[in-house]
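Below: one structure, written as structure tokens.
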Amino acid sequence: MYLLGIESTCDESGIALIEARGEKVKILAHELRSQIKIHQPYGGVVPLLAAREHKKNLPFLLTLIEKNFDLRKIDYLAFSVGPGLLPALVEGKEFTINLAKKFNKKIIPVDHLYAHFASVFIKNKLHVWQKIKKINFPVLVLIVSGGHTNLYFVEDLTKFKKLGQTIDDAAGETLDKGARALNLGYPGGPIIEEKAKRAKNVYPLPKPLLEKGLNFSFSGLKTAFNELIKEIKEAKGTIDEEEIYNLSASLQKTVFEILIYKLNKAREFYKPKEIIITGGVSANMTLRKMAKKFFRNIKVIFPERILSTDNGLNIAVGGYFLLKEKSLALEPEKIEVYPRKI
């Protein structure tokens with residue numbers, strides 16, 4: 001079975017082609033085009049610009065795949081229907097529908113967050129058959145990115161129970177905004193990670209909503225961080241490079257301690273066999289080290305770093321899982337996108 005995965009939820013244009021048989025997958029193509037340079041001058045993703053870039057990038061990426069594969073052989077298209085930026089989703093939807101009509105194929109709607117979950121089951125190895133990774137269910141799944149901080153108890157490939165989510169800013173968004181407050185550029189998370197490596201001191205910062213259930217809140221932390229920057233500027237007249245290192249480490253450490261605390265709280269109650277941490281922020285090596293050090297008596301699974309962020313391969317693999325679990329593939333005219341998921 002051949003599946004083409006298409007990703008356009010935010011600022012990454014991605015298309016991937018896989019061949020799947022039973023419990024094995026072969027990656028035939030994995031094409032991705034980033035929009036970071038387009039959005040850097042604005043300090044964040046501009047939805048209409050993202051849509052414009054998808055309109056250019058997706059057809060281009062498809063031509064790269066067509067050079068080595070006859071698209072008429074595709075069995076299904078898998079498309080990320082949301083959550084995401086509405087203009088970007090609509091652009092991806094139009095591209096996918098036109099492709100489906102051209103080749104008379106059905107579309108598997110894939111939730112963007114489900115695709116992040118699917119990312120841990122495979123490795124980014126082209127042109128070789130690989131076994132789909134075995135997971136010992138039930139598991140806790142933390143999806144943490146620029147737009148999402150969601151915690152789930154997962155009993156099998158399609159049975160999810162949402163335990164908590166952010167009630168304001170996402171964890172990745174908090175790191176990005178912290179970097180912006182320090183004038184470090186965009187995307188902020190990787191810059192914060194790099195600066196934090198050179199810190200000599202860590203400032204204590206608040207951890208909002210820590211003891212109240214399994215929802216997350218980072219807005220109060222962001223405010224306290226901005227106030228700390230202001231205090232240092234008033235005391236010293238400026239923020240020197242050493243303070244940028246210290247502030248970066250302080251913010252990053254606090255965000256990750258909140259994530260781990262909530263994860264552990266859920267682990268104590270739900271007794272999972274394994275823990276999965278995925279999404280764009282899961283590429284952060286400090287988070288990986290902190291989580292594995294804290295959870296010494298339970299396996300913590302991360303995706304390959306290249307698969308942590310948005311891409312068509314996660315969509316294709318997620319679509320295959322859904323198809324295996326009897327989810328229906330839809331006719332093109334029945335595909336609907338959603339910018340948010342309640």
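By convention here, the chains of the structure tokens are called A, B, ... in the order presented, each chain's residues are numbered starting at 1, and ligands are numbered starting at 1 in the order presented.
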Give me the stretch 181-272 of chain A side of the contact with stretch 297-308 of chain A, cut-off 12 Å, one line per residue showing its nearest atom pair and distance in Å at one decimal, counting only C-alpha atoms, sorted by chain and residue number, as CSV.
```
residue,atom,partner,partner_atom,distance
A:Ile260,CA,A:Val300,CA,11.4
A:Leu263,CA,A:Val300,CA,11.1
A:Asn264,CA,A:Ile298,CA,10.7
A:Arg267,CA,A:Ile298,CA,9.7
A:Glu268,CA,A:Ile298,CA,11.5
A:Lys271,CA,A:Ile298,CA,10.1
A:Pro272,CA,A:Ile298,CA,8.7
```
Legend entry - All helix (DSSP H, G or I) residues (DSSP, backbone) inside stretch 45-186 of chain A, as a ChimeraX atom specification: /A:47-66,71-73,86-103,112-121,171-181
Inset, instruction - Apply DSSP to the backbone of this structure and, from stretch 121-328 of chain A, keep only the residues in strand (DSSP E or B); write these as a ChimeraX atom specification. - result: /A:126,129-131,139-144,149-154,160-166,216,274-278,299-301
Quick one: write out the picked residues with N, CA and C atoms as a short mmCIF file (atom, residue, chain, number, x, y, z; two decimals), in the first residue's frame?
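Final output, saved to selection_28.cif:
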```cif
data_model
loop_
_atom_site.label_atom_id
_atom_site.label_comp_id
_atom_site.auth_asym_id
_atom_site.auth_seq_id
_atom_site.Cartn_x
_atom_site.Cartn_y
_atom_site.Cartn_z
N LEU A 126 15.47 6.22 4.69
CA LEU A 126 14.90 6.11 3.36
C LEU A 126 15.22 4.77 2.71
N TRP A 129 13.10 -1.26 4.47
CA TRP A 129 11.96 -1.69 5.27
C TRP A 129 12.33 -1.62 6.75
N GLN A 130 11.43 -1.08 7.55
CA GLN A 130 11.65 -1.02 8.99
C GLN A 130 10.40 -1.49 9.72
N LYS A 131 10.61 -2.15 10.83
CA LYS A 131 9.47 -2.58 11.64
C LYS A 131 8.91 -1.40 12.41
N VAL A 139 0.01 4.08 27.73
CA VAL A 139 1.10 5.03 27.85
C VAL A 139 0.55 6.42 28.16
N LEU A 140 1.40 7.25 28.74
CA LEU A 140 1.12 8.68 28.83
C LEU A 140 1.79 9.36 27.65
N VAL A 141 1.09 10.27 27.01
CA VAL A 141 1.64 10.99 25.86
C VAL A 141 1.56 12.49 26.14
N LEU A 142 2.71 13.14 26.13
CA LEU A 142 2.78 14.60 26.26
C LEU A 142 3.18 15.16 24.90
N ILE A 143 2.29 15.94 24.31
CA ILE A 143 2.58 16.61 23.04
C ILE A 143 2.87 18.07 23.35
N VAL A 144 4.10 18.48 23.11
CA VAL A 144 4.53 19.81 23.53
C VAL A 144 5.22 20.50 22.36
N THR A 149 0.29 22.15 24.25
CA THR A 149 0.83 21.43 25.40
C THR A 149 -0.31 20.57 25.91
N ASN A 150 -0.38 19.32 25.44
CA ASN A 150 -1.49 18.42 25.73
C ASN A 150 -0.98 17.13 26.35
N LEU A 151 -1.72 16.63 27.33
CA LEU A 151 -1.37 15.40 28.02
C LEU A 151 -2.49 14.38 27.86
N TYR A 152 -2.13 13.16 27.45
CA TYR A 152 -3.13 12.12 27.18
C TYR A 152 -2.76 10.81 27.88
N PHE A 153 -3.80 10.05 28.22
CA PHE A 153 -3.63 8.65 28.59
C PHE A 153 -4.11 7.84 27.40
N VAL A 154 -3.23 7.00 26.85
CA VAL A 154 -3.50 6.31 25.59
C VAL A 154 -3.48 4.80 25.81
N PHE A 160 -7.71 7.52 23.04
CA PHE A 160 -7.04 8.59 23.76
C PHE A 160 -8.00 9.20 24.79
N LYS A 161 -7.47 9.48 25.96
CA LYS A 161 -8.20 10.25 26.97
C LYS A 161 -7.38 11.48 27.30
N LYS A 162 -7.92 12.66 27.01
CA LYS A 162 -7.19 13.88 27.32
C LYS A 162 -7.24 14.15 28.82
N LEU A 163 -6.07 14.30 29.41
CA LEU A 163 -5.96 14.55 30.84
C LEU A 163 -5.78 16.04 31.15
N GLY A 164 -5.14 16.75 30.26
CA GLY A 164 -4.88 18.17 30.50
C GLY A 164 -4.33 18.85 29.28
N GLN A 165 -4.39 20.18 29.31
CA GLN A 165 -3.85 20.99 28.23
C GLN A 165 -3.56 22.37 28.78
N THR A 166 -2.84 23.17 28.01
CA THR A 166 -2.58 24.53 28.47
C THR A 166 -3.87 25.35 28.40
N PHE A 216 -2.12 22.92 32.21
CA PHE A 216 -0.89 23.71 32.26
C PHE A 216 -1.24 25.19 32.11
N GLU A 274 4.70 3.07 29.79
CA GLU A 274 5.74 3.89 29.17
C GLU A 274 5.25 5.33 29.07
N ILE A 275 6.18 6.23 28.82
CA ILE A 275 5.86 7.66 28.64
C ILE A 275 6.39 8.09 27.27
N ILE A 276 5.57 8.81 26.53
CA ILE A 276 5.98 9.37 25.24
C ILE A 276 5.95 10.89 25.33
N ILE A 277 7.03 11.52 24.92
CA ILE A 277 7.09 12.98 24.82
C ILE A 277 7.43 13.33 23.38
N THR A 278 6.54 14.07 22.73
CA THR A 278 6.72 14.37 21.31
C THR A 278 6.28 15.79 21.01
N LYS A 299 10.27 3.70 31.06
CA LYS A 299 10.83 4.06 29.76
C LYS A 299 10.20 5.34 29.24
N VAL A 300 11.04 6.28 28.82
CA VAL A 300 10.58 7.52 28.22
C VAL A 300 11.00 7.51 26.74
N ILE A 301 10.02 7.67 25.86
CA ILE A 301 10.26 7.56 24.43
C ILE A 301 10.11 8.93 23.77
#
```
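With only C-alpha atoms as the basis for measurement, A:Asn183 is the residue among A:Ser34, A:Asn183, A:Ser13, A:Glu336 that approaches A:Asp240 most closely.
Distances from A:Pro332, A:Gly312, A:Gly237, A:Gly172 to A:Ala283 were compared using only C-alpha atoms, and the smallest one belongs to A:Gly172.
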Legend entry - Spatial neighbours of A:Leu209, max dist 12 Å, only C-alpha atoms, sep filter under 5 positions, as JSON, numbers by chain: {"A": [164, 165, 166, 167, 168, 214, 215, 216, 217, 218, 219, 220, 221, 258, 259, 261, 262]}
Go ahead and write the selection's residues with N, CA and C atoms as a compact mmCIF listing (two decimals), in the first residue's frame.
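Below you can see part.txt, which holds the result:
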```txt
# COMPACT_ATOMS: atom_id res chain seq x y z
N GLY A 164 -5.14 16.75 30.26
CA GLY A 164 -4.88 18.17 30.50
C GLY A 164 -4.33 18.85 29.28
N GLN A 165 -4.39 20.18 29.31
CA GLN A 165 -3.85 20.99 28.23
C GLN A 165 -3.56 22.37 28.78
N THR A 166 -2.84 23.17 28.01
CA THR A 166 -2.58 24.53 28.47
C THR A 166 -3.87 25.35 28.40
N ILE A 167 -4.04 26.19 29.40
CA ILE A 167 -5.21 27.07 29.41
C ILE A 167 -4.87 28.45 28.86
N ASP A 168 -3.60 28.64 28.49
CA ASP A 168 -3.19 29.92 27.89
C ASP A 168 -2.08 29.67 26.87
N LEU A 214 -4.24 18.66 36.09
CA LEU A 214 -3.26 18.32 35.06
C LEU A 214 -3.25 19.29 33.89
N ASN A 215 -3.96 20.41 34.03
CA ASN A 215 -3.84 21.45 33.02
C ASN A 215 -2.56 22.24 33.25
N PHE A 216 -2.12 22.92 32.21
CA PHE A 216 -0.89 23.71 32.26
C PHE A 216 -1.24 25.19 32.11
N SER A 217 -0.39 26.04 32.70
CA SER A 217 -0.53 27.48 32.52
C SER A 217 0.87 28.09 32.50
N PHE A 218 1.15 28.88 31.47
CA PHE A 218 2.46 29.51 31.36
C PHE A 218 2.39 31.03 31.27
N SER A 219 1.19 31.58 31.26
CA SER A 219 1.04 33.02 31.12
C SER A 219 1.67 33.77 32.29
N GLY A 220 1.43 33.30 33.52
CA GLY A 220 1.99 33.94 34.70
C GLY A 220 3.51 33.85 34.72
N LEU A 221 4.04 32.74 34.25
CA LEU A 221 5.49 32.57 34.15
C LEU A 221 6.07 33.58 33.16
N ILE A 258 7.88 22.20 35.05
CA ILE A 258 6.41 22.15 35.07
C ILE A 258 5.91 20.94 34.28
N LEU A 259 6.46 20.74 33.09
CA LEU A 259 6.06 19.61 32.25
C LEU A 259 6.30 18.28 32.97
N TYR A 261 6.73 17.73 36.21
CA TYR A 261 5.91 17.59 37.42
C TYR A 261 4.51 17.08 37.07
N LYS A 262 3.89 17.65 36.05
CA LYS A 262 2.55 17.24 35.66
C LYS A 262 2.55 15.81 35.11
```
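Distance annotation: of A:Ala50, A:Lys133, A:Leu4, A:Lys233, the residue with the minimal separation from A:Asp70 is A:Leu4; atom set is only C-alpha atoms.
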Inset, instruction - Identify, on the basis of only C-alpha atoms, every residue whose closest approach to A:Ala329 does not exceed 8 Å; exclude the query and any residue fewer than 6 positions from it along the same chain; express the result as a VMD selection string. - result: chain A and resid 76 106 to 109 323
Generate the output file for the selected residues, N, CA and C atoms, as a compact mmCIF listing (two decimals), in the first residue's frame.
```
# COMPACT_ATOMS: atom_id res chain seq x y z
N TYR A 76 -3.75 5.98 -1.18
CA TYR A 76 -4.47 6.98 -0.39
C TYR A 76 -3.62 8.22 -0.20
N LYS A 106 -9.05 8.54 -2.39
CA LYS A 106 -9.68 9.02 -1.17
C LYS A 106 -8.63 9.61 -0.23
N ILE A 107 -9.12 10.40 0.73
CA ILE A 107 -8.24 11.12 1.65
C ILE A 107 -8.47 10.62 3.07
N ILE A 108 -7.37 10.35 3.78
CA ILE A 108 -7.45 9.99 5.20
C ILE A 108 -7.20 11.26 6.01
N PRO A 109 -8.21 11.78 6.72
CA PRO A 109 -7.98 12.98 7.54
C PRO A 109 -7.17 12.63 8.79
N LEU A 323 -5.98 4.00 9.13
CA LEU A 323 -6.58 3.10 8.14
C LEU A 323 -6.60 1.67 8.67
```
With the cut-off set at 9 Å and counting only C-alpha atoms, tabulate each residue of stretch 273-318 of chain A with an atom at most that distance from an atom of stretch 190-207 of chain A, showing the nearest atom pair and its distance in Å to one decimal, ordered by chain and increasing number, as a tab-separated table.
```
residue	atom	partner	partner_atom	distance
A:Val281	CA	A:Pro190	CA	8.8
A:Ala283	CA	A:Pro190	CA	8.9
A:Asn284	CA	A:Glu193	CA	7.0
A:Met285	CA	A:Glu193	CA	8.2
A:Thr286	CA	A:Glu193	CA	7.5
```
List every residue of stretch 137-231 of chain A that has an atom at most 12 Å from any atom of stretch 77-101 of chain A, giving for each one its closest atom pair and the distance in Å to one decimal, counting only C-alpha atoms, sorted by chain and then by ascending residue number, as CSV.
```
residue,atom,partner,partner_atom,distance
A:Ser145,CA,A:Gly84,CA,11.9
A:Gly146,CA,A:Gly84,CA,10.9
A:Gly147,CA,A:Gly84,CA,8.2
A:His148,CA,A:Pro83,CA,9.4
```
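We find atom CA of A:Lys37 and atom CA of A:Leu113 to be spaced 24.7 Å apart.
Reported to one decimal place, the separation of atom CA of A:Ile315 from atom CA of A:Gly5 is 5.0 Å.
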Legend entry - Test item: residues at most 9 Å from stretch 62-67 of chain A, only C-alpha atoms, excluding those fewer than 5 positions along its chain, as a ChimeraX atom specification: /A:15-17,28-31,57
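The spacing separating atom CA of A:His39 from atom CA of A:Lys222 amounts to 22.0 Å.
Distance check against A:Phe117 using only C-alpha atoms: of A:Asp310, A:Glu325, A:Asp11, A:Asp75, the minimum falls on A:Asp310.
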Inset, instruction - Determine, counting only C-alpha atoms, which protein, DNA and RNA residues have an atom within 9 Å of an atom of A:Leu322; residues of the same chain fewer than 2 positions away are not included. Present the result as an MDAnalysis selection string. - result: chainID A and resid 108:110 157:158 317:320 324:328
